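Chemist: Handing over work16.cif, mmCIF, C-alpha atoms.
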data_work
#
loop_
_atom_site.label_atom_id
_atom_site.label_comp_id
_atom_site.auth_asym_id
_atom_site.auth_seq_id
_atom_site.Cartn_x
_atom_site.Cartn_y
_atom_site.Cartn_z
CA MET A 204 0.00 0.00 0.00
CA GLN A 205 2.93 2.38 0.71
CA ARG A 206 4.16 1.71 -2.81
CA LEU A 207 0.74 2.71 -4.18
CA ARG A 208 0.77 5.92 -2.17
CA ARG A 209 4.13 6.97 -3.58
CA LEU A 210 3.07 6.16 -7.13
CA GLY A 211 -0.22 8.03 -6.71
CA GLY A 212 1.58 11.36 -6.35
CA LYS A 213 3.76 11.08 -9.46
CA THR A 214 3.03 12.25 -12.94
CA CYS A 215 2.91 9.48 -15.50
CA GLY A 216 1.39 9.04 -18.95
CA MET A 217 -0.55 6.07 -20.27
CA MET A 218 2.68 4.50 -21.53
CA GLY A 219 4.25 4.58 -18.07
CA LEU A 220 1.00 3.37 -16.60
CA GLY A 221 0.97 0.37 -18.92
CA LYS A 222 4.57 -0.48 -18.03
CA TRP A 223 3.72 -0.41 -14.33
CA ILE A 224 0.77 -2.76 -14.76
CA PHE A 225 2.62 -5.20 -16.99
CA GLY A 226 5.61 -5.13 -14.66
CA LEU A 227 3.48 -6.02 -11.67
CA GLY A 228 1.76 -8.67 -13.77
CA LEU A 229 5.03 -10.52 -14.48
CA LEU A 230 4.78 -12.10 -11.03
CA LEU A 231 1.52 -13.72 -12.13
CA GLN A 232 2.16 -14.45 -15.79
CA THR A 233 4.28 -17.56 -15.24
CA SER A 234 1.49 -19.20 -13.28
CA ALA A 235 -1.07 -18.10 -15.85
CA ALA A 236 0.85 -19.71 -18.71
CA VAL A 237 0.55 -23.17 -17.21
CA ALA A 238 -2.87 -22.84 -15.56
CA GLN A 239 -5.94 -24.51 -16.96
CA GLU A 240 -8.75 -22.15 -17.92
CA PRO A 241 -11.54 -22.19 -15.30
CA GLN A 242 -15.00 -23.16 -16.46
CA GLY A 243 -17.12 -20.11 -17.19
CA SER A 244 -14.07 -17.84 -17.56
CA SER A 245 -14.65 -14.63 -19.49
CA GLY A 246 -11.67 -15.58 -21.68
CA VAL A 247 -13.82 -18.08 -23.61
CA VAL A 248 -14.38 -16.96 -27.21
CA PRO A 249 -18.10 -16.27 -27.74
CA ALA A 250 -19.98 -18.43 -30.21
CA LYS A 251 -21.29 -15.50 -32.27
CA ASP A 252 -19.22 -12.96 -34.20
CA HIS A 253 -21.80 -10.23 -33.59
CA ALA A 254 -24.46 -9.90 -30.91
CA THR A 255 -26.98 -7.21 -30.00
CA THR A 256 -29.11 -7.31 -26.86
CA LEU A 257 -31.77 -5.02 -25.41
CA GLY A 258 -32.43 -4.51 -21.70
CA LEU A 259 -35.39 -2.63 -20.18
CA ARG A 260 -36.10 -1.64 -16.59
CA PHE A 261 -39.22 0.02 -15.15
CA ASP A 262 -39.77 1.18 -11.55
CA CYS A 263 -42.97 2.05 -9.71
CA LEU A 264 -41.81 3.96 -6.63
CA HIS A 265 -43.95 5.01 -3.67
CA ASN A 266 -42.12 7.34 -1.29
CA PHE A 267 -43.83 7.50 2.11
CA ASN A 268 -41.89 10.70 2.92
CA VAL A 269 -43.64 12.89 0.35
CA ASP A 270 -46.89 14.68 1.05
CA LYS A 271 -50.11 12.70 0.76
CA GLY A 272 -51.68 13.22 -2.63
CA SER A 273 -48.37 14.13 -4.26
CA THR A 274 -47.44 12.69 -7.65
CA GLN A 275 -45.35 9.53 -7.27
CA GLU A 276 -42.80 8.13 -9.72
CA CYS A 277 -44.93 5.33 -11.18
CA VAL A 278 -44.32 4.07 -13.80
CA ARG A 279 -40.83 5.36 -14.60
CA ILE A 280 -38.19 4.08 -17.02
CA SER A 281 -34.96 3.65 -15.06
CA GLY A 282 -32.99 1.76 -17.70
CA LEU A 283 -32.99 1.30 -21.46
CA ARG A 284 -29.77 -0.43 -22.46
CA VAL A 285 -28.68 -1.49 -25.93
CA SER A 286 -25.55 -3.66 -25.86
CA LEU A 287 -23.37 -4.52 -28.85
CA ARG A 288 -20.59 -7.11 -29.00
CA ASP A 289 -18.32 -7.67 -31.98
CA GLN A 290 -15.75 -10.46 -32.32
CA VAL A 291 -13.03 -8.96 -34.51
CA SER A 292 -10.81 -12.06 -34.33
CA PRO A 293 -10.36 -15.06 -32.01
CA GLN A 294 -8.18 -12.81 -29.80
CA VAL A 295 -9.87 -9.40 -30.10
CA TYR A 296 -13.43 -8.36 -29.33
CA ALA A 297 -15.24 -5.13 -28.53
CA ARG A 298 -18.40 -4.33 -26.61
CA LEU A 299 -20.46 -1.19 -26.22
CA SER A 300 -23.66 -0.41 -24.36
CA ILE A 301 -25.68 2.78 -24.36
CA ASP A 302 -28.33 3.82 -21.87
CA PRO A 303 -29.81 7.34 -21.67
CA PHE A 304 -30.78 6.64 -18.04
CA GLN A 305 -27.31 5.56 -16.88
CA THR A 306 -25.45 7.23 -14.00
CA PRO A 307 -21.65 7.54 -13.70
CA ASP A 308 -21.95 6.92 -9.93
CA SER A 309 -21.16 3.19 -10.12
CA ALA A 310 -22.44 2.17 -6.68
CA LYS A 311 -25.87 3.75 -7.35
CA MET A 312 -26.60 2.12 -10.71
CA ASN A 313 -29.53 0.03 -9.39
CA THR A 314 -31.33 2.43 -7.06
CA PRO A 315 -34.83 3.62 -7.99
CA LEU A 316 -34.10 6.94 -6.19
CA ARG A 317 -32.66 8.74 -9.21
CA ASP A 318 -33.67 12.39 -8.75
CA GLN A 319 -30.43 13.37 -6.94
CA LEU A 320 -28.11 11.18 -9.02
CA PRO A 321 -25.73 12.44 -11.69
CA THR A 322 -27.04 11.64 -15.16
CA SER A 323 -25.64 11.18 -18.65
CA ARG A 324 -25.44 14.98 -18.93
CA ASP A 325 -22.81 15.03 -16.16
CA THR A 326 -20.28 12.79 -17.93
CA SER A 327 -18.28 13.26 -21.13
CA LEU A 328 -19.37 9.80 -22.28
CA TRP A 329 -22.99 11.06 -22.39
CA ILE A 330 -25.30 8.06 -22.96
CA ILE A 331 -22.47 5.51 -23.26
CA ASP A 332 -22.92 3.18 -20.31
CA GLN A 333 -20.07 0.69 -20.85
CA PHE A 334 -17.38 0.07 -23.45
CA ALA A 335 -14.36 -2.18 -23.81
CA LEU A 336 -11.79 -3.22 -26.38
CA THR A 337 -10.28 -6.52 -25.22
CA TRP A 338 -7.28 -8.52 -26.40
CA VAL A 339 -6.92 -12.16 -25.27
CA PRO A 340 -3.33 -13.23 -26.08
CA ARG A 341 -3.88 -16.46 -24.11
CA PRO A 342 -7.02 -18.00 -22.62
CA GLN A 343 -5.71 -17.07 -19.16
CA ILE A 344 -4.85 -13.41 -19.89
CA GLU A 345 -7.09 -10.51 -20.93
CA VAL A 346 -5.94 -6.96 -21.66
CA ALA A 347 -8.56 -4.24 -22.10
CA ILE A 348 -9.16 -0.52 -22.42
CA GLN A 349 -12.58 -0.07 -20.89
CA SER A 350 -14.98 1.93 -18.78
CA PHE A 351 -14.34 0.82 -15.21
CA ASP A 352 -16.78 0.98 -12.31
CA GLY A 353 -14.28 0.69 -9.46
CA ALA A 354 -12.12 -1.94 -7.80
CA THR A 355 -14.08 -2.00 -4.54
CA LEU A 356 -17.68 -2.60 -5.62
CA VAL A 357 -19.06 -5.13 -3.14
CA PRO A 358 -21.30 -8.07 -4.13
CA SER A 359 -25.06 -7.62 -3.81
CA VAL A 360 -26.70 -11.03 -4.01
CA SER A 361 -30.29 -10.10 -3.11
CA GLY A 362 -31.08 -8.56 -6.48
CA LEU A 363 -33.17 -5.86 -4.75
CA ALA A 364 -33.04 -2.36 -6.21
CA THR A 365 -32.42 -0.71 -2.82
CA ALA A 366 -29.83 -3.21 -1.54
CA ASN A 367 -26.44 -2.05 -0.26
CA SER A 368 -27.59 1.56 -0.55
CA LEU A 369 -24.86 3.03 1.71
CA SER A 370 -21.75 1.88 -0.17
CA SER A 371 -19.74 4.16 -2.48
CA SER A 372 -16.91 3.38 -4.89
CA GLY A 373 -16.25 6.55 -6.87
CA TRP A 374 -17.36 7.50 -10.35
CA ARG A 375 -16.79 5.50 -13.52
CA GLN A 376 -13.54 6.14 -15.40
CA THR A 377 -11.61 4.97 -18.46
CA ALA A 378 -8.90 2.51 -17.47
CA LEU A 379 -6.38 -0.06 -18.69
CA THR A 380 -6.98 -3.48 -17.11
CA VAL A 381 -5.01 -6.73 -17.20
CA ALA A 382 -6.83 -9.82 -15.91
CA TYR A 383 -5.26 -13.18 -15.08
CA ASN A 384 -7.17 -16.44 -14.62
CA LEU A 385 -5.10 -18.73 -12.40
CA THR A 386 -5.33 -21.99 -10.45
CA LEU A 387 -3.56 -21.63 -7.09
CA PRO A 388 -4.80 -24.45 -6.57
CA THR A 389 -8.39 -23.20 -6.83
CA PRO A 390 -9.62 -20.89 -9.63
CA VAL A 391 -8.51 -17.30 -8.98
CA ARG A 392 -9.06 -14.22 -11.14
CA ILE A 393 -6.80 -11.23 -10.49
CA THR A 394 -7.25 -7.90 -12.26
CA LEU A 395 -4.76 -5.02 -12.25
CA ILE A 396 -6.20 -1.59 -13.05
CA GLY A 397 -4.67 1.75 -13.99
CA GLY A 398 -6.50 4.89 -15.08
CA ASP A 399 -6.49 8.68 -15.07
CA GLY A 400 -8.78 8.81 -12.04
CA GLU A 401 -12.33 8.40 -10.79
CA GLY A 402 -14.69 10.59 -12.81
CA GLN A 403 -12.15 11.09 -15.61
CA THR A 404 -13.50 9.40 -18.73
CA VAL A 405 -12.15 11.30 -21.75
CA THR A 406 -9.53 13.81 -20.60
CA ASN A 407 -6.90 13.66 -17.86
CA ALA A 408 -7.66 16.38 -15.30
CA SER A 409 -4.77 15.87 -12.86
CA PRO A 410 -1.20 14.47 -12.92
CA GLN A 411 -1.98 11.86 -10.26
CA GLN A 412 -3.34 8.53 -11.44
CA TYR A 413 -5.60 5.71 -10.29
CA PHE A 414 -4.28 2.24 -9.40
CA GLY A 415 -6.31 -0.73 -8.26
CA LEU A 416 -6.35 -4.49 -7.78
CA GLN A 417 -9.30 -6.88 -7.75
CA ALA A 418 -9.31 -10.57 -6.87
CA GLU A 419 -11.92 -13.31 -6.86
CA ALA A 420 -11.25 -16.84 -5.65
CA THR A 421 -13.48 -19.92 -5.70
CA LEU A 422 -12.88 -21.49 -2.29
CA LEU A 423 -15.38 -24.32 -2.88
CA PRO A 424 -17.96 -24.98 -5.59
CA GLY A 425 -20.59 -22.39 -4.70
CA LEU A 426 -18.40 -20.34 -2.30
CA ARG A 427 -16.44 -17.31 -3.53
CA LEU A 428 -14.18 -14.76 -1.84
CA THR A 429 -13.82 -11.31 -3.41
CA GLY A 430 -11.59 -8.37 -2.59
CA GLY A 431 -10.37 -5.06 -3.93
CA ILE A 432 -8.04 -2.17 -3.16
CA SER A 433 -7.50 1.13 -4.95
CA LEU A 434 -5.85 4.53 -4.73
CA ASN A 435 -7.29 7.56 -6.51
CA GLY A 436 -4.54 10.18 -6.51
CA ASN A 437 -6.47 13.45 -6.92
CA ASP A 438 -10.14 14.24 -7.56
CA ALA A 439 -9.57 17.88 -8.55
CA GLY A 440 -10.99 18.65 -12.00
CA SER A 441 -12.89 15.37 -12.28
CA GLU A 442 -16.47 15.12 -13.49
CA GLU A 443 -17.50 14.09 -9.98
CA THR A 444 -15.93 17.20 -8.42
CA ALA A 445 -17.58 19.46 -11.01
CA PHE A 446 -20.97 17.87 -10.28
CA LEU A 447 -20.61 18.27 -6.49
CA LEU A 448 -19.54 21.92 -6.77
CA LYS A 449 -22.64 22.64 -8.87
CA ARG A 450 -24.88 20.69 -6.49
CA TYR A 451 -23.75 22.63 -3.41
CA ALA A 452 -23.95 25.92 -5.32
CA THR A 453 -27.59 25.15 -6.18
CA SER A 454 -28.75 23.67 -2.87
CA CYS A 455 -26.58 25.61 -0.41
CA GLY A 456 -25.93 28.92 -2.16
CA THR A 457 -22.15 28.56 -2.33
CA SER A 458 -20.22 30.17 -5.18
CA LEU A 459 -18.75 28.27 -8.11
CA PRO A 460 -14.97 28.67 -8.53
CA THR A 461 -13.81 30.78 -11.46
CA VAL A 462 -10.70 28.57 -11.72
CA GLN A 463 -10.89 24.84 -11.09
CA PRO A 464 -8.82 23.77 -8.05
CA LYS A 465 -5.61 21.88 -8.79
CA GLN A 466 -5.46 20.10 -5.45
CA GLY A 467 -8.40 18.19 -4.08
CA HIS A 468 -8.55 14.88 -2.25
CA SER A 469 -7.07 11.43 -2.56
CA ALA A 470 -9.17 8.33 -1.91
CA ARG A 471 -8.02 4.95 -0.63
CA ARG A 472 -10.66 2.25 -0.90
CA TYR A 473 -10.77 -1.32 0.44
CA ALA A 474 -13.41 -4.06 0.15
CA VAL A 475 -13.83 -7.74 1.03
CA GLY A 476 -16.81 -9.96 0.28
CA LEU A 477 -17.87 -13.58 0.82
CA VAL A 478 -20.55 -15.03 -1.47
CA VAL A 479 -22.58 -18.25 -1.38
CA ASP A 480 -23.94 -18.35 -4.93
CA GLY A 481 -26.83 -20.82 -4.65
CA VAL A 482 -25.15 -24.10 -5.63
CA LEU A 483 -23.29 -24.88 -2.40
CA ALA A 484 -23.97 -28.47 -1.42
CA GLY A 485 -26.67 -28.80 1.24
CA ILE A 486 -28.14 -25.31 0.79
CA GLU A 487 -28.93 -25.25 -2.92
CA GLY A 488 -31.04 -22.29 -3.95
CA LEU A 489 -29.78 -20.04 -1.13
CA GLN A 490 -27.53 -17.09 -1.97
CA ILE A 491 -25.75 -15.20 0.82
CA GLY A 492 -23.44 -12.21 0.65
CA LEU A 493 -21.31 -10.67 3.41
CA SER A 494 -19.21 -7.61 2.67
CA TRP A 495 -17.06 -4.92 4.26
CA GLN A 496 -15.99 -1.68 2.59
CA ARG A 497 -13.84 1.22 3.82
CA ASN A 498 -13.19 4.52 2.06
CA LEU A 499 -10.56 6.98 3.31
CA VAL A 500 -10.68 10.42 1.65
CA SER A 501 -7.84 12.80 2.53
CA ASP A 502 -6.87 16.41 1.86
CA LEU A 503 -3.96 16.97 -0.52
CA GLY A 504 -3.24 20.51 0.63
CA HIS A 505 -3.90 23.03 3.39
CA GLN A 506 -5.62 25.57 1.15
CA HIS A 507 -8.46 24.59 -1.18
CA PRO A 508 -9.61 27.63 -3.15
CA GLY A 509 -12.84 26.82 -4.96
CA TYR A 510 -14.17 24.30 -2.44
CA ALA A 511 -16.91 25.46 -0.05
CA THR A 512 -15.73 25.45 3.56
CA LEU A 513 -17.73 24.02 6.44
CA ALA A 514 -18.38 27.55 7.73
CA GLU A 515 -19.87 28.57 4.37
CA LEU A 516 -22.09 25.48 4.27
CA GLN A 517 -23.32 26.06 7.82
CA GLN A 518 -24.39 29.63 7.00
CA ASN A 519 -27.36 28.16 5.12
CA THR A 520 -29.11 26.06 7.76
CA SER A 521 -31.39 24.51 5.11
CA CYS A 522 -28.36 23.06 3.31
CA SER A 523 -28.30 19.26 3.61
CA PHE A 524 -25.01 17.32 3.58
CA ASP A 525 -24.79 14.24 1.36
CA PRO A 526 -23.24 11.48 3.54
CA ASP A 527 -21.99 9.69 0.40
CA THR A 528 -19.68 12.54 -0.61
CA PHE A 529 -19.54 15.13 2.21
CA PHE A 530 -16.05 16.43 3.11
CA PRO A 531 -15.78 19.29 5.65
CA GLU A 532 -13.19 21.76 4.33
CA GLN A 533 -11.28 23.99 6.76
CA ASP A 534 -8.53 26.26 5.46
CA GLY A 535 -5.17 25.55 7.04
CA LYS A 536 -6.20 22.11 8.29
CA LEU A 537 -5.55 18.74 6.68
CA ASN A 538 -8.28 16.22 7.29
CA THR A 539 -9.31 12.63 6.50
CA VAL A 540 -12.91 11.40 6.27
CA ARG A 541 -13.59 7.70 6.81
CA ARG A 542 -16.64 5.72 5.70
CA THR A 543 -17.03 2.10 6.83
CA VAL A 544 -19.88 -0.03 5.48
CA TYR A 545 -21.05 -3.52 6.48
CA ASP A 546 -23.63 -5.39 4.43
CA PHE A 547 -25.49 -8.70 4.64
CA GLY A 548 -27.79 -9.88 1.89
CA PHE A 549 -29.62 -13.07 0.95
CA LYS A 550 -31.83 -14.50 -1.78
CA TYR A 551 -33.67 -17.82 -1.67
CA ARG A 552 -35.30 -19.42 -4.70
CA MET A 553 -38.31 -21.67 -4.26
CA PHE A 554 -40.83 -23.40 -6.50
CA GLY A 555 -38.58 -22.78 -9.48
CA SER A 556 -39.43 -19.21 -10.45
CA TYR A 557 -40.16 -17.48 -7.11
CA PHE A 558 -37.73 -15.96 -4.62
CA VAL A 559 -37.57 -13.99 -1.37
CA ALA A 560 -34.69 -11.64 -0.60
CA GLY A 561 -33.39 -9.20 1.98
CA ASP A 562 -30.49 -6.87 2.68
CA VAL A 563 -29.20 -5.14 5.84
CA THR A 564 -26.48 -2.49 5.71
CA SER A 565 -24.88 0.05 8.05
CA ARG A 566 -22.41 2.90 7.64
CA ARG A 567 -20.26 4.86 10.05
CA LEU A 568 -19.08 8.25 8.79
CA THR A 569 -16.24 9.94 10.67
CA THR A 570 -15.09 13.44 9.69
CA GLY A 571 -11.68 13.25 11.37
CA GLY A 572 -10.66 16.30 13.38
CA VAL A 573 -13.58 18.42 12.18
CA GLU A 574 -16.77 18.33 14.27
CA ALA A 575 -19.24 18.90 11.46
CA PHE A 576 -22.53 17.46 12.74
CA GLN A 577 -24.87 19.15 15.19
CA VAL A 578 -27.57 17.14 16.96
CA CYS A 579 -30.88 18.96 16.58
CA ASP A 580 -33.60 18.98 19.25
CA SER A 581 -36.33 20.55 17.09
CA PHE A 582 -36.95 21.58 13.48
CA ASP A 583 -38.96 24.29 11.78
CA GLY A 584 -39.17 22.75 8.33
CA HIS A 585 -35.54 22.08 7.37
CA HIS A 586 -34.27 24.73 9.78
CA CYS A 587 -32.93 23.47 13.11
CA THR A 588 -34.32 25.61 15.97
CA GLY A 589 -32.73 23.90 18.96
CA ILE A 590 -29.17 22.67 19.51
CA SER A 591 -28.11 21.65 23.00
CA ALA A 592 -25.39 19.02 22.54
CA PRO A 593 -21.87 19.84 21.31
CA PRO A 594 -21.10 19.11 17.63
CA ARG A 595 -19.92 15.62 16.67
CA SER A 596 -17.44 14.22 14.17
CA GLN A 597 -19.30 10.93 13.66
CA ILE A 598 -22.72 9.83 12.46
CA ASN A 599 -24.22 6.40 11.81
CA GLN A 600 -26.75 5.24 9.24
CA SER A 601 -28.55 1.94 8.83
CA ALA A 602 -30.87 0.56 6.17
CA TYR A 603 -32.72 -2.62 5.32
CA SER A 604 -34.65 -4.00 2.33
CA LEU A 605 -37.15 -6.86 2.17
CA GLY A 606 -38.66 -8.15 -1.04
CA THR A 607 -39.98 -10.96 -3.15
CA GLY A 608 -40.19 -11.63 -6.86
CA VAL A 609 -41.06 -14.00 -9.66
CA ASP A 610 -39.62 -14.84 -13.07
CA LEU A 611 -42.58 -14.20 -15.36
CA ALA A 612 -40.83 -15.56 -18.44
CA SER A 613 -37.34 -16.12 -19.73
CA GLY A 614 -35.48 -12.86 -19.10
CA LEU A 615 -38.52 -11.11 -17.57
CA ALA A 616 -38.70 -10.63 -13.78
CA LEU A 617 -40.98 -8.74 -11.38
CA THR A 618 -39.69 -7.68 -7.95
CA VAL A 619 -41.49 -5.84 -5.13
CA GLU A 620 -39.67 -4.54 -2.07
CA TYR A 621 -39.84 -2.34 1.03
CA PHE A 622 -36.90 -0.12 2.04
CA ASN A 623 -36.16 1.78 5.24
CA SER A 624 -33.13 3.97 5.98
CA SER A 625 -32.40 6.08 9.06
CA PHE A 626 -29.81 8.15 10.90
CA ASP A 627 -28.91 7.33 14.48
CA LYS A 628 -29.93 10.83 15.65
CA ALA A 629 -31.61 13.97 14.32
CA TYR A 630 -28.91 16.17 12.79
CA ALA A 631 -29.12 19.80 11.76
CA GLN A 632 -27.73 19.29 8.24
CA ALA A 633 -27.91 15.53 7.69
CA TYR A 634 -31.48 14.38 7.14
CA TYR A 635 -34.08 13.18 4.63
CA ASP A 636 -36.89 15.26 3.17
CA GLY A 637 -40.13 14.49 4.99
CA GLN A 638 -43.80 15.33 4.61
CA ASN A 639 -44.97 18.96 4.72
CA GLY A 640 -41.47 20.22 3.96
CA LYS A 641 -40.01 18.96 7.24
CA ALA A 642 -36.67 17.31 7.86
CA THR A 643 -36.74 13.74 9.16
CA GLY A 644 -34.19 11.13 10.15
CA GLU A 645 -36.03 8.26 8.42
CA LEU A 646 -36.81 7.36 4.81
CA GLU A 647 -39.42 4.76 3.78
CA LEU A 648 -40.03 3.47 0.27
CA PHE A 649 -41.94 0.81 -1.60
CA ASN A 650 -40.84 -0.12 -5.10
CA ALA A 651 -42.00 -2.53 -7.79
CA ARG A 652 -39.54 -3.25 -10.60
CA LEU A 653 -40.17 -4.97 -13.92
CA ALA A 654 -36.91 -5.87 -15.67
CA TYR A 655 -36.34 -7.45 -19.05
CA ARG A 656 -32.92 -8.97 -19.78
CA TRP A 657 -31.28 -6.71 -17.22
CA GLN A 658 -27.91 -7.78 -15.84
#
Mind turning this structure into structure tokens?

Modeler:
Amino acid sequence: MQRLRRLGGKTCGMMGLGKWIFGLGLLLQTSAAVAQEPQGSSGVVPAKDHATTLGLRFDCLHNFNVDKGSTQECVRISGLRVSLRDQVSPQVYARLSIDPFQTPDSAKMNTPLRDQLPTSRDTSLWIIDQFALTWVPRPQIEVAIQSFDGATLVPSVSGLATANSLSSSGWRQTALTVAYNLTLPTPVRITLIGGDGEGQTVTNASPQQYFGLQAEATLLPGLRLTGGISLNGNDAGSEETAFLLKRYATSCGTSLPTVQPKQGHSARRYAVGLVVDGVLAGIEGLQIGLSWQRNLVSDLGHQHPGYATLAELQQNTSCSFDPDTFFPEQDGKLNTVRRTVYDFGFKYRMFGSYFVAGDVTSRRLTTGGVEAFQVCDSFDGHHCTGISAPPRSQINQSAYSLGTGVDLASGLALTVEYFNSSFDKAYAQAYYDGQNGKATGELELFNARLAYRWQ
């Protein structure tokens, strides 16, 4: 990890980036050359030279927090994906998918709560959802330039739209990846990743780069262990930073910088997951997922011109902090924000086409040496009117989802679910929108989703 930190602060082009990845991969290539290809490996040449698929997703959302009689989002298109795959040769293939409803925030791709999400207008790729150009020099090795969702996405086995709602893994980026399929002695897939940075899809906004590693091992038939680690060197100038600056300017009245900041934050991310995939002997049909994720976001400099400070954000008491991305800036003070997420999910199939599922997740957000959160005793709308306790540097959130579904036909599934999310206390600037324009510490939803060939 120390080696990654040193590399993250250096300027390097795509050529140097490729040399670093291939150099690290030499330790694995010898094993890959003699390994047998695992069954189901993505290195298998597809049967068709060309393939086009269509995926559709519809949500019917009922938000219990909005006023009675208000218009609800039912029915709403939340996904319309056209995917193309072209086999250029036995060793080279390309894939492309477009979706006008896609979001570059990788961890939020499945949520039905889409009003506050970044959209295709907030990324240079526009409606392009995924793309990849892949070279397979050997069945055990794959090299690709592709859109990359992050090295620390954790498994979500329940299939519920609101599952694992508190995790975050950074925005999608363009990256060079090298994947190895090994047997050590069980099937293991290791992927090395290098890119310009989270939220940098077309142009390079900062000299610092992104480096990551993913691994997936089959411990037993039906039991998998996953893990990931990454370092994003600098988020200044990224599409994600531009989106957040605009969001806070709109919702909190802060000013947009005339010159984009050159120093922002670095992000170190870690994740581990354990998955029972439904074929484990003795508990066939039951899928279970356990995961842990930690994100550490740190200042790169003492002065951050262009970023709104905590004092500026607190001037507008109706300004709500987003726990997914909030970082309290204080001039002259370096800080690190830590987010730790635990998740448990399950899915159980019965009678062939029916299933029940659930997901429980929790997050602890710590703002380091900055006490950014004030416990509120009473609210007047979104305005806190009573603060008695001293400010805190830590808040906790929890959420759970329960649902059931049925496969109506091949590729067509209907899922209904209930979702509840809450803060551990009532906070002055960390809350959900409630009925009658009031702030509340709890969010309740019901959603029905109809999905056709959606992966």

Chemist: Which is closer to Gln349 (chain A) than all the others in A:Thr322, A:Glu419, A:Tyr634, A:Thr404, using only C-alpha atoms?

Modeler: A:Thr404

Chemist: List the residues selected by the PyMOL selection byres ((chain A and resi 367) around 8) in the file shown, writing them as a ChimeraX atom specification.

Modeler: /A:359,365-366,368-370,546,562-564

Chemist: The selected residues should be written to file as a PDB file, in the frame of the given file (atoms: C-alpha atoms).

Modeler:
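Saved as selection_22.pdb:
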ATOM      1  CA  SER A 359     -25.060  -7.620  -3.810  1.00  0.00           C
ATOM      2  CA  THR A 365     -32.420  -0.710  -2.820  1.00  0.00           C
ATOM      3  CA  ALA A 366     -29.830  -3.210  -1.540  1.00  0.00           C
ATOM      4  CA  SER A 368     -27.590   1.560  -0.550  1.00  0.00           C
ATOM      5  CA  LEU A 369     -24.860   3.030   1.710  1.00  0.00           C
ATOM      6  CA  SER A 370     -21.750   1.880  -0.170  1.00  0.00           C
ATOM      7  CA  ASP A 546     -23.630  -5.390   4.430  1.00  0.00           C
ATOM      8  CA  ASP A 562     -30.490  -6.870   2.680  1.00  0.00           C
ATOM      9  CA  VAL A 563     -29.200  -5.140   5.840  1.00  0.00           C
ATOM     10  CA  THR A 564     -26.480  -2.490   5.710  1.00  0.00           C
TER      11      THR A 564
END

Chemist: Can you tell me which residues surround Gly488 (chain A) at a distance of at most 10 Å, considering all atoms listed in the file, apart from same-chain residues fewer than 6 positions away, and format the answer as a list in words?

Modeler: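 Once the adjacent positions are removed, what remains is Val479, Asp480, Gly481, Val482, Lys550, Tyr551, Arg552, Met553, Gly555 and Phe558 of chain A.
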
Chemist: Could you give me, as a list in words, the residues within 8 Å of Ser523 (chain A), counting all atoms listed in the file and dropping anything in the same chain fewer than 6 positions from it?

Modeler: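 Contacts, with the query itself left out: Ser454, Cys455, Gln632, Ala633 and Tyr634 of chain A.
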
Chemist: Kindly resolve the PyMOL selection byres ((chain A and resi 509) around 9) on the present coordinates and return the residues as a PyMOL selection string.

Modeler: chain A and resi 448+458-464+507-508+510-511

Chemist: Could you list, as a list in words, every residue within 7 Å of region 469-477 of chain A, counting all atoms listed in the file and ignoring same-chain residues fewer than 3 positions away?

Modeler: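 My list of contacting residues is Thr355, Val357, Pro358, Arg427, Leu428, Thr429, Gly430, Gly431, Ile432, Ser433, Leu434, Asn435, Gly436, Asn437, Asp438, Gly492, Leu493, Ser494, Trp495, Gln496, Arg497, Asn498, Leu499, Val500, Ser501, Asp502 and Leu503 of chain A.
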
Chemist: Provide the CA of Gly402 (chain A) to CA of Glu442 (chain A) distance in Å, to one decimal place.

Modeler: 4.9 Å

Chemist: In Å, rounded to a single decimal, give me how far CA of Asp610 (chain A) is from CA of Val478 (chain A).

Modeler: 22.3 Å

Chemist: Return as number ranges by chain the set of residues that the PyMOL selection byres ((chain A and resi 264) around 10) yields on the displayed structure.

Modeler: A: 261-263, 265-267, 275-279, 315-316, 619-620, 648-652

Chemist: What gap, in Å, lies between CA of Thr337 (chain A) and CA of Pro303 (chain A)?

Modeler: 24.2 Å

Chemist: Would you mind telling me which residue in A:Asp308, A:Glu487, A:Asp627, A:Asp534 lies nearest to Asn599 (chain A) when using all atoms listed in the file?

Modeler: A:Asp627

Chemist: Between A:Ala445, A:Val559, A:Ile598, A:Ala612, which has the minimum distance to Pro321 (chain A) (counting only C-alpha atoms)?

Modeler: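 Of A:Ala445, A:Val559, A:Ile598, A:Ala612, the one nearest Pro321 (chain A), counting only C-alpha atoms, is A:Ala445.
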
Chemist: I'd like the contact shell of region 253-257 of chain A - 7 Å cut-off, only C-alpha atoms, skipping same-chain residues fewer than 5 positions apart - returned as a JSON list (two decimals) with C-alpha atoms, keeping the file's coordinate frame.

Modeler:
[["chain", "number", "residue", "atom", "x", "y", "z"],
["A", 284, "ARG", "CA", -29.77, -0.43, -22.46],
["A", 285, "VAL", "CA", -28.68, -1.49, -25.93],
["A", 286, "SER", "CA", -25.55, -3.66, -25.86],
["A", 287, "LEU", "CA", -23.37, -4.52, -28.85],
["A", 288, "ARG", "CA", -20.59, -7.11, -29.00],
["A", 289, "ASP", "CA", -18.32, -7.67, -31.98],
["A", 290, "GLN", "CA", -15.75, -10.46, -32.32],
["A", 656, "ARG", "CA", -32.92, -8.97, -19.78]]

Chemist: For Phe334 (chain A), find every residue with an atom within 9 Å (counting only C-alpha atoms), except residues of its own chain fewer than 6 positions away, and show them as a CSV table (one decimal) with C-alpha atoms, in the coordinates of the input.

Modeler:
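Produced file selection.csv, reproduced below:
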chain,number,residue,atom,x,y,z
A,297,ALA,CA,-15.2,-5.1,-28.5
A,298,ARG,CA,-18.4,-4.3,-26.6
A,299,LEU,CA,-20.5,-1.2,-26.2
A,300,SER,CA,-23.7,-0.4,-24.4
A,301,ILE,CA,-25.7,2.8,-24.4
A,348,ILE,CA,-9.2,-0.5,-22.4
A,349,GLN,CA,-12.6,-0.1,-20.9
A,350,SER,CA,-15.0,1.9,-18.8
A,351,PHE,CA,-14.3,0.8,-15.2
